[in-house]
$ cat query-v7.tsv   # TSV, C-alpha atoms
chain	number	residue	atom	x	y	z
A	1	MET	CA	30.85	63.79	75.05
A	2	PRO	CA	31.10	66.90	72.82
A	3	ILE	CA	32.08	70.34	74.09
A	4	PHE	CA	29.28	72.73	73.16
A	5	GLN	CA	29.96	75.83	71.06
A	6	LEU	CA	27.92	78.76	72.32
A	7	THR	CA	25.97	81.03	69.99
A	8	ASP	CA	25.27	84.75	70.36
A	9	ALA	CA	22.25	83.97	72.54
A	10	PRO	CA	23.03	83.89	76.30
A	11	VAL	CA	21.93	80.26	76.75
A	12	PHE	CA	23.84	77.19	77.91
A	13	PRO	CA	23.52	73.43	77.55
A	14	HIS	CA	22.32	71.59	80.64
A	15	PRO	CA	25.09	71.46	83.29
A	16	SER	CA	24.76	67.68	83.55
A	17	LEU	CA	26.30	67.46	80.07
A	18	ALA	CA	29.69	68.73	81.28
A	19	GLU	CA	32.80	66.62	80.82
A	20	ASP	CA	34.18	64.71	83.81
A	21	ASN	CA	36.65	67.55	84.40
A	22	GLY	CA	33.79	70.06	84.43
A	23	LEU	CA	34.21	71.64	80.99
A	24	LEU	CA	30.80	72.32	79.46
A	25	ALA	CA	31.03	74.86	76.65
A	26	VAL	CA	33.28	77.22	74.72
A	27	GLY	CA	32.73	80.64	73.18
A	28	GLY	CA	30.27	83.42	73.75
A	29	ASP	CA	31.07	86.61	75.58
A	30	LEU	CA	31.26	88.00	79.13
A	31	SER	CA	28.20	90.23	78.98
A	32	VAL	CA	26.21	90.80	82.16
A	33	GLU	CA	23.28	88.91	80.67
A	34	ARG	CA	25.36	85.84	79.81
A	35	LEU	CA	27.18	85.79	83.15
A	36	LEU	CA	23.88	85.95	85.04
A	37	ALA	CA	22.49	83.12	82.91
A	38	ALA	CA	25.60	81.09	83.70
A	39	TYR	CA	25.72	81.66	87.45
A	40	SER	CA	22.02	80.99	87.88
A	41	GLN	CA	22.79	77.43	86.69
A	42	GLY	CA	26.05	77.06	88.59
A	43	ILE	CA	28.19	77.56	85.48
A	44	PHE	CA	31.25	79.80	85.62
A	45	PRO	CA	33.93	81.05	83.17
A	46	TRP	CA	37.56	79.99	83.65
A	47	TYR	CA	40.20	80.29	80.95
A	48	SER	CA	43.62	81.75	80.23
A	49	GLU	CA	44.59	84.87	78.31
A	50	GLY	CA	44.38	84.28	74.56
A	51	GLU	CA	41.83	81.46	74.82
A	52	PRO	CA	38.14	81.75	73.95
A	53	PRO	CA	35.83	81.77	76.99
A	54	LEU	CA	35.56	78.32	78.57
A	55	TRP	CA	32.53	77.53	80.74
A	56	TRP	CA	32.56	74.98	83.56
A	57	PHE	CA	30.25	73.08	85.86
A	58	THR	CA	32.25	71.08	88.41
A	59	ASP	CA	30.80	67.97	90.05
A	60	PRO	CA	31.13	67.35	92.96
A	61	ARG	CA	30.88	70.96	94.10
A	62	LEU	CA	32.57	72.47	97.15
A	63	VAL	CA	30.19	74.68	99.11
A	64	ILE	CA	29.91	76.39	102.48
A	65	PHE	CA	26.64	76.34	104.37
A	66	PRO	CA	26.96	79.44	106.57
A	67	GLU	CA	25.63	77.64	109.64
A	68	GLU	CA	28.42	75.05	109.26
A	69	PHE	CA	31.22	77.60	108.92
A	70	LYS	CA	33.90	77.24	111.58
A	71	VAL	CA	36.93	79.22	112.69
A	72	SER	CA	39.69	77.66	114.75
A	73	LYS	CA	40.28	79.09	118.21
A	74	ARG	CA	43.85	79.88	117.25
A	75	LEU	CA	42.84	81.91	114.19
A	76	ALA	CA	40.07	83.71	116.10
A	77	ARG	CA	42.57	84.66	118.81
A	78	THR	CA	45.09	85.85	116.21
A	79	LEU	CA	42.53	88.02	114.44
A	80	ARG	CA	41.36	89.56	117.71
A	81	ASN	CA	44.90	90.83	118.17
A	82	THR	CA	45.10	92.54	114.78
A	83	ASP	CA	44.02	96.02	113.81
A	84	PHE	CA	42.22	94.91	110.64
A	85	ARG	CA	39.24	96.94	109.42
A	86	ILE	CA	36.65	95.37	107.13
A	87	THR	CA	34.61	97.11	104.43
A	88	PHE	CA	32.17	95.88	101.80
A	89	ASP	CA	32.02	97.06	98.18
A	90	LYS	CA	34.30	100.02	98.87
A	91	SER	CA	37.09	99.11	96.46
A	92	PHE	CA	35.91	96.40	94.08
A	93	ASP	CA	38.29	97.39	91.28
A	94	ARG	CA	41.32	97.20	93.59
A	95	VAL	CA	40.28	93.85	94.98
A	96	ILE	CA	39.86	92.13	91.61
A	97	THR	CA	43.07	93.67	90.31
A	98	SER	CA	44.91	92.50	93.42
A	99	CYS	CA	43.51	88.97	92.99
A	100	ALA	CA	45.00	88.92	89.49
A	101	ASN	CA	48.30	90.60	90.35
A	102	ILE	CA	49.12	88.52	93.42
A	103	ARG	CA	49.24	85.43	91.22
A	104	THR	CA	51.48	86.91	88.56
A	105	GLU	CA	53.76	88.34	91.27
A	106	ASN	CA	54.13	84.80	92.62
A	107	GLY	CA	55.02	83.52	89.17
A	108	GLU	CA	51.66	81.81	88.67
A	109	GLY	CA	49.25	82.08	85.78
A	110	THR	CA	45.91	83.81	86.26
A	111	TRP	CA	42.51	83.48	84.63
A	112	ILE	CA	41.59	86.98	85.82
A	113	SER	CA	42.54	88.65	82.55
A	114	ARG	CA	41.82	92.27	81.69
A	115	ASP	CA	38.61	91.19	79.94
A	116	MET	CA	37.52	89.22	83.03
A	117	GLN	CA	38.26	92.18	85.29
A	118	GLN	CA	36.21	94.50	83.11
A	119	ALA	CA	33.34	91.99	82.96
A	120	TYR	CA	33.10	91.61	86.73
A	121	CYS	CA	33.41	95.35	87.24
A	122	ARG	CA	30.34	95.66	85.00
A	123	LEU	CA	28.60	93.06	87.18
A	124	HIS	CA	29.58	95.09	90.23
A	125	ARG	CA	28.17	98.31	88.78
A	126	SER	CA	24.98	96.38	87.99
A	127	GLY	CA	24.68	95.30	91.62
A	128	TYR	CA	25.50	91.60	91.26
A	129	ALA	CA	29.23	91.33	92.03
A	130	HIS	CA	30.54	92.27	95.47
A	131	SER	CA	33.84	92.64	97.27
A	132	VAL	CA	35.09	92.45	100.83
A	133	GLU	CA	38.13	94.53	101.75
A	134	CYS	CA	40.43	93.96	104.72
A	135	TRP	CA	42.48	97.03	105.63
A	136	GLN	CA	45.40	97.61	107.94
A	137	ASN	CA	45.48	101.37	108.32
A	138	GLU	CA	45.35	102.52	104.68
A	139	THR	CA	46.91	99.34	103.25
A	140	LEU	CA	44.68	96.82	101.50
A	141	ALA	CA	45.76	93.73	103.46
A	142	GLY	CA	43.53	91.23	101.68
A	143	GLY	CA	40.11	90.72	100.18
A	144	LEU	CA	37.81	88.67	98.00
A	145	TYR	CA	35.04	89.07	95.44
A	146	GLY	CA	32.14	87.06	94.07
A	147	VAL	CA	28.64	87.15	92.64
A	148	ARG	CA	25.38	87.10	94.59
A	149	LEU	CA	22.08	85.89	93.17
A	150	GLY	CA	19.16	85.56	95.56
A	151	LYS	CA	20.33	83.64	98.62
A	152	VAL	CA	23.46	82.23	96.96
A	153	PHE	CA	26.94	83.77	96.91
A	154	PHE	CA	29.37	82.48	94.29
A	155	GLY	CA	32.92	83.03	95.50
A	156	GLU	CA	35.42	83.86	92.77
A	157	SER	CA	38.85	84.70	94.16
A	158	MET	CA	40.70	86.06	97.19
A	159	PHE	CA	44.14	87.47	97.93
A	160	THR	CA	46.39	88.29	100.89
A	161	LYS	CA	49.13	90.88	101.11
A	162	ILE	CA	49.39	90.87	104.92
A	163	SER	CA	49.15	87.60	106.83
A	164	ASN	CA	45.54	86.49	107.47
A	165	GLY	CA	44.06	89.33	105.40
A	166	SER	CA	41.99	87.05	103.17
A	167	LYS	CA	40.94	84.91	106.13
A	168	ALA	CA	39.62	87.97	107.94
A	169	ALA	CA	37.72	88.96	104.78
A	170	LEU	CA	36.22	85.47	104.43
A	171	ILE	CA	35.06	85.37	108.05
A	172	ALA	CA	33.49	88.82	107.69
A	173	LEU	CA	31.77	87.75	104.46
A	174	VAL	CA	30.22	84.60	105.94
A	175	THR	CA	29.05	86.48	109.03
A	176	HIS	CA	27.49	89.19	106.86
A	177	LEU	CA	25.83	86.73	104.47
A	178	GLN	CA	24.39	84.69	107.33
A	179	GLN	CA	22.83	87.85	108.73
A	180	GLU	CA	21.40	88.52	105.26
A	181	GLY	CA	19.80	85.08	105.11
A	182	VAL	CA	22.10	83.67	102.44
A	183	ALA	CA	21.81	79.88	102.43
A	184	LEU	CA	24.75	78.77	100.28
A	185	ILE	CA	28.25	79.89	99.35
A	186	ASP	CA	29.73	78.29	96.23
A	187	CYS	CA	33.48	77.65	96.36
A	188	GLN	CA	33.70	76.08	92.86
A	189	MET	CA	36.92	74.11	93.36
A	190	THR	CA	37.81	71.85	96.29
A	191	THR	CA	40.76	73.05	98.39
A	192	SER	CA	42.02	71.81	101.75
A	193	HIS	CA	42.19	75.42	102.91
A	194	LEU	CA	38.44	75.94	102.56
A	195	ILE	CA	37.65	72.54	104.04
A	196	THR	CA	39.30	73.69	107.29
A	197	PHE	CA	36.57	76.36	107.46
A	198	GLY	CA	33.79	73.77	107.16
A	199	ALA	CA	33.33	73.67	103.39
A	200	ARG	CA	32.21	70.30	102.03
A	201	GLU	CA	31.48	68.64	98.72
A	202	ILE	CA	27.97	67.97	97.45
A	203	SER	CA	26.88	66.38	94.19
A	204	GLY	CA	26.25	68.48	91.11
A	205	ALA	CA	22.61	67.40	91.15
A	206	GLU	CA	22.18	68.52	94.76
A	207	PHE	CA	23.92	71.80	93.96
A	208	ARG	CA	21.52	72.49	91.08
A	209	ARG	CA	18.57	71.63	93.34
A	210	LEU	CA	19.72	74.17	95.91
A	211	LEU	CA	20.19	76.83	93.24
A	212	ARG	CA	16.59	76.32	92.07
A	213	ILE	CA	15.38	76.80	95.64
A	214	HIS	CA	17.51	79.78	96.62
A	215	ILE	CA	17.74	81.80	93.40
A	216	ASP	CA	14.12	82.81	93.10
A	217	LYS	CA	15.04	85.95	91.19
A	218	ALA	CA	18.17	87.52	89.77
A	219	ALA	CA	17.69	90.97	91.26
A	220	PRO	CA	20.90	92.73	92.31
A	221	GLN	CA	21.67	92.53	96.03
A	222	GLU	CA	23.16	95.32	98.10
A	223	ASN	CA	25.83	94.57	100.69
$ encode --input "query-v7.tsv" --output "structure tokens"
Amino acid sequence: MPIFQLTDAPVFPHPSLAEDNGLLAVGGDLSVERLLAAYSQGIFPWYSEGEPPLWWFTDPRLVIFPEEFKVSKRLARTLRNTDFRITFDKSFDRVITSCANIRTENGEGTWISRDMQQAYCRLHRSGYAHSVECWQNETLAGGLYGVRLGKVFFGESMFTKISNGSKAALIALVTHLQQEGVALIDCQMTTSHLITFGAREISGAEFRRLLRIHIDKAAPQEN
């Protein structure tokens, strides 16, 4: 199956045409308009520095239904004994930079290039991208960021600098989104870590069906 070359128009081939590994298209830009068009169909960018933008639709898809989210008794007890403080959208730039830096500090590659950081900061200023910050005193202990459209939150990345910082941020996010009536949290890639919190795989077709139901409009959402 061919990999589609994108044009200047912010349109994508149908997600069902993706390769078995999820790769759907190459090229285009990271404008707000194109990113919104991508996320509304469950498509996301993921590529390394120096490559053209690569666009993916993974199938099956790992998701969290907020009502199925679970926290172990041990973790809940540990977090009750910490002095973490949670904020929302208070330091988006620091969170996305930390998500990129923590990987390079660990000797790993990162897809969160400077261009990606700038693109998601534009999404944040437009009201679509959001962050959760976990603080210990004045230290940013951990956090995460993602994109919200309608009643769907698309998780992008998280980081921890102090033990359990990202876990505390994730728990706070799911609690907040459930209160907001969000129906679905997209995790993109399957990891055993997220499965322990109740995440599960669904088919790409079911994922697209849920997006059609829960993204009735692409208006920015406030956290």
$ residues_around --input "query-v7.tsv" --residues "Thr97 (chain A)" --least-positions-apart "4" --cutoff "9 Å" --atoms "all atoms listed in the file" --output "PyMOL selection string"
chain A and resi 92-93+101-102+112+114+117
$ atom_distance --input "query-v7.tsv" --atom1 "CA of Leu36 (chain A)" --atom2 "CA of Asp20 (chain A)"
23.6 Å
$ residues_around --input "query-v7.tsv" --residues "Thr78 (chain A)" --least-positions-apart "5" --cutoff "10 Å" --atoms "all atoms listed in the file" --output "compact mmCIF listing (two decimals) with C-alpha atoms, keeping the file's coordinate frame"
# COMPACT_ATOMS: atom_id res chain seq x y z
CA SER A 72 39.69 77.66 114.75
CA LYS A 73 40.28 79.09 118.21
CA ASN A 164 45.54 86.49 107.47
$ residues_around --input "query-v7.tsv" --residues "Ile64 (chain A)" --least-positions-apart "4" --cutoff "8 Å" --atoms "all atoms listed in the file" --output "list of chain:residue names"
A:Glu68, A:Phe69, A:Leu184, A:Ile185, A:Asp186, A:Cys187, A:Gly198, A:Ala199, A:Arg200
$ atom_distance --input "query-v7.tsv" --atom1 "CA of Val63 (chain A)" --atom2 "CA of Thr196 (chain A)"
12.3 Å
$ closest_residue --input "query-v7.tsv" --among "A:Asp29, A:Asp59, A:Asp83, A:Glu67" --to "Thr7 (chain A)" --atoms "only C-alpha atoms"
A:Asp29
$ closest_residue --input "query-v7.tsv" --among "A:Met158, A:Leu62, A:Leu194, A:Leu170" --to "Glu206 (chain A)" --atoms "all atoms listed in the file"
A:Leu62
$ residues_around --input "query-v7.tsv" --residues "His130 (chain A)" --least-positions-apart "6" --cutoff "6 Å" --atoms "only C-alpha atoms" --output "ChimeraX atom specification"
/A:89,145-146
$ closest_atom_pairs --input "query-v7.tsv" --of "region 62-126 of chain A" --to "region 147-154 of chain A" --cutoff "9 Å" --atoms "all atoms listed in the file" --output "Markdown table"
| residue | atom | partner | partner_atom | distance |
| --- | --- | --- | --- | --- |
| A:Tyr120 | CA | A:Val147 | CA | 8.6 |
| A:Leu123 | CA | A:Val147 | CA | 8.0 |
| A:His124 | CA | A:Val147 | CA | 8.4 |
$ closest_residue --input "query-v7.tsv" --among "A:Ser31, A:Ser166, A:Ser126, A:Thr190" --to "Leu140 (chain A)" --atoms "all atoms listed in the file"
A:Ser166
$ atom_distance --input "query-v7.tsv" --atom1 "CA of Glu19 (chain A)" --atom2 "CA of Asp115 (chain A)"
25.3 Å
$ axis_aligned_box --input "query-v7.tsv" --around "region 90-104 of chain A" --padding-each-side "3 Å" --output "AutoDock Vina command-line options"
--center_x 42.9 --center_y 92.7 --center_z 93.7 --size_x 23.2 --size_y 20.6 --size_z 16.3
$ closest_residue --input "query-v7.tsv" --among "A:Thr160, A:Thr175, A:Gln41, A:Thr191" --to "Pro15 (chain A)" --atoms "all atoms listed in the file"
A:Gln41
$ closest_residue --input "query-v7.tsv" --among "A:Arg122, A:Arg209, A:His14, A:Lys161" --to "Trp56 (chain A)" --atoms "only C-alpha atoms"
A:His14
$ residues_around --input "query-v7.tsv" --residues "Phe159 (chain A)" --least-positions-apart "4" --cutoff "6 Å" --atoms "only C-alpha atoms" --output "number ranges by chain"
A: 99, 142-143, 166
$ decode --input "query-v7.tsv" --residues "region 94-200 of chain A" --atoms "C-alpha atoms" --output "compact mmCIF listing (two decimals), in the first residue's frame"
# COMPACT_ATOMS: atom_id res chain seq x y z
CA ARG A 94 7.94 23.88 30.61
CA VAL A 95 6.00 20.64 30.45
CA ILE A 96 6.55 20.00 26.75
CA THR A 97 10.21 20.99 27.02
CA SER A 98 10.64 18.64 29.98
CA CYS A 99 8.99 15.80 28.03
CA ALA A 100 11.60 16.29 25.31
CA ASN A 101 14.59 16.84 27.59
CA ILE A 102 13.95 13.90 29.92
CA ARG A 103 14.40 11.54 26.97
CA THR A 104 17.62 13.07 25.72
CA GLU A 105 18.98 13.15 29.29
CA ASN A 106 18.33 9.40 29.46
CA GLY A 107 20.19 8.87 26.20
CA GLU A 108 17.02 8.22 24.21
CA GLY A 109 15.85 9.82 20.99
CA THR A 110 12.84 12.13 21.01
CA TRP A 111 10.23 13.08 18.43
CA ILE A 112 9.47 16.26 20.37
CA SER A 113 11.74 18.44 18.26
CA ARG A 114 11.90 22.21 18.45
CA ASP A 115 9.40 22.44 15.59
CA MET A 116 7.01 20.08 17.40
CA GLN A 117 7.32 22.08 20.61
CA GLN A 118 6.54 25.30 18.81
CA ALA A 119 3.57 23.71 17.01
CA TYR A 120 1.96 22.43 20.21
CA CYS A 121 2.61 25.72 21.98
CA ARG A 122 0.61 27.34 19.16
CA LEU A 123 -2.14 24.78 19.76
CA HIS A 124 -2.02 25.64 23.45
CA ARG A 125 -2.35 29.37 22.78
CA SER A 126 -5.30 28.55 20.50
CA GLY A 127 -7.01 26.68 23.33
CA TYR A 128 -6.66 23.11 22.05
CA ALA A 129 -3.53 21.75 23.74
CA HIS A 130 -3.40 21.42 27.53
CA SER A 131 -0.94 20.49 30.24
CA VAL A 132 -1.06 19.09 33.74
CA GLU A 133 1.72 20.05 36.13
CA CYS A 134 2.71 18.19 39.29
CA TRP A 135 4.73 20.32 41.71
CA GLN A 136 6.69 19.55 44.84
CA ASN A 137 7.17 22.95 46.43
CA GLU A 138 8.50 24.99 43.49
CA THR A 139 10.00 22.01 41.62
CA LEU A 140 8.18 20.65 38.58
CA ALA A 141 8.05 17.00 39.65
CA GLY A 142 6.26 15.67 36.58
CA GLY A 143 3.55 16.41 34.06
CA LEU A 144 1.90 15.62 30.77
CA TYR A 145 0.31 17.33 27.78
CA GLY A 146 -2.17 16.52 25.05
CA VAL A 147 -4.89 17.83 22.76
CA ARG A 148 -8.60 18.08 23.54
CA LEU A 149 -11.32 18.12 20.91
CA GLY A 150 -14.92 17.91 22.08
CA LYS A 151 -15.19 15.04 24.55
CA VAL A 152 -11.91 13.39 23.52
CA PHE A 153 -8.46 13.99 25.00
CA PHE A 154 -5.47 12.87 22.93
CA GLY A 155 -2.54 12.20 25.25
CA GLU A 156 0.85 13.06 23.79
CA SER A 157 3.65 12.65 26.33
CA MET A 158 4.48 12.69 30.03
CA PHE A 159 7.60 12.97 32.17
CA THR A 160 8.75 12.42 35.75
CA LYS A 161 11.58 14.11 37.60
CA ILE A 162 10.47 13.05 41.09
CA SER A 163 9.10 9.56 41.68
CA ASN A 164 5.38 9.24 40.83
CA GLY A 165 5.15 12.79 39.46
CA SER A 166 3.70 11.74 36.11
CA LYS A 167 1.37 9.24 37.77
CA ALA A 168 -0.05 11.96 40.00
CA ALA A 169 -0.54 14.16 36.93
CA LEU A 170 -2.30 11.36 35.04
CA ILE A 171 -4.67 10.61 37.91
CA ALA A 172 -5.49 14.31 38.26
CA LEU A 173 -6.10 14.57 34.49
CA VAL A 174 -8.51 11.63 34.35
CA THR A 175 -10.41 12.87 37.40
CA HIS A 176 -10.69 16.34 35.87
CA LEU A 177 -11.74 15.07 32.44
CA GLN A 178 -14.37 12.78 33.92
CA GLN A 179 -15.86 15.75 35.75
CA GLU A 180 -15.85 17.63 32.42
CA GLY A 181 -17.78 14.84 30.70
CA VAL A 182 -14.90 13.65 28.52
CA ALA A 183 -15.72 10.18 27.20
CA LEU A 184 -12.40 8.97 25.76
CA ILE A 185 -8.67 9.40 26.31
CA ASP A 186 -6.44 8.36 23.42
CA CYS A 187 -3.11 6.81 24.43
CA GLN A 188 -1.90 6.19 20.84
CA MET A 189 0.63 3.43 21.59
CA THR A 190 0.08 0.34 23.75
CA THR A 191 2.24 0.20 26.90
CA SER A 192 2.03 -2.14 29.88
CA HIS A 193 2.31 0.90 32.15
CA LEU A 194 -0.97 2.39 30.91
CA ILE A 195 -2.71 -0.98 30.90
CA THR A 196 -2.17 -1.14 34.67
CA PHE A 197 -4.37 1.98 34.90
CA GLY A 198 -7.21 0.32 32.97
CA ALA A 199 -6.30 1.31 29.41
CA ARG A 200 -7.35 -1.21 26.76
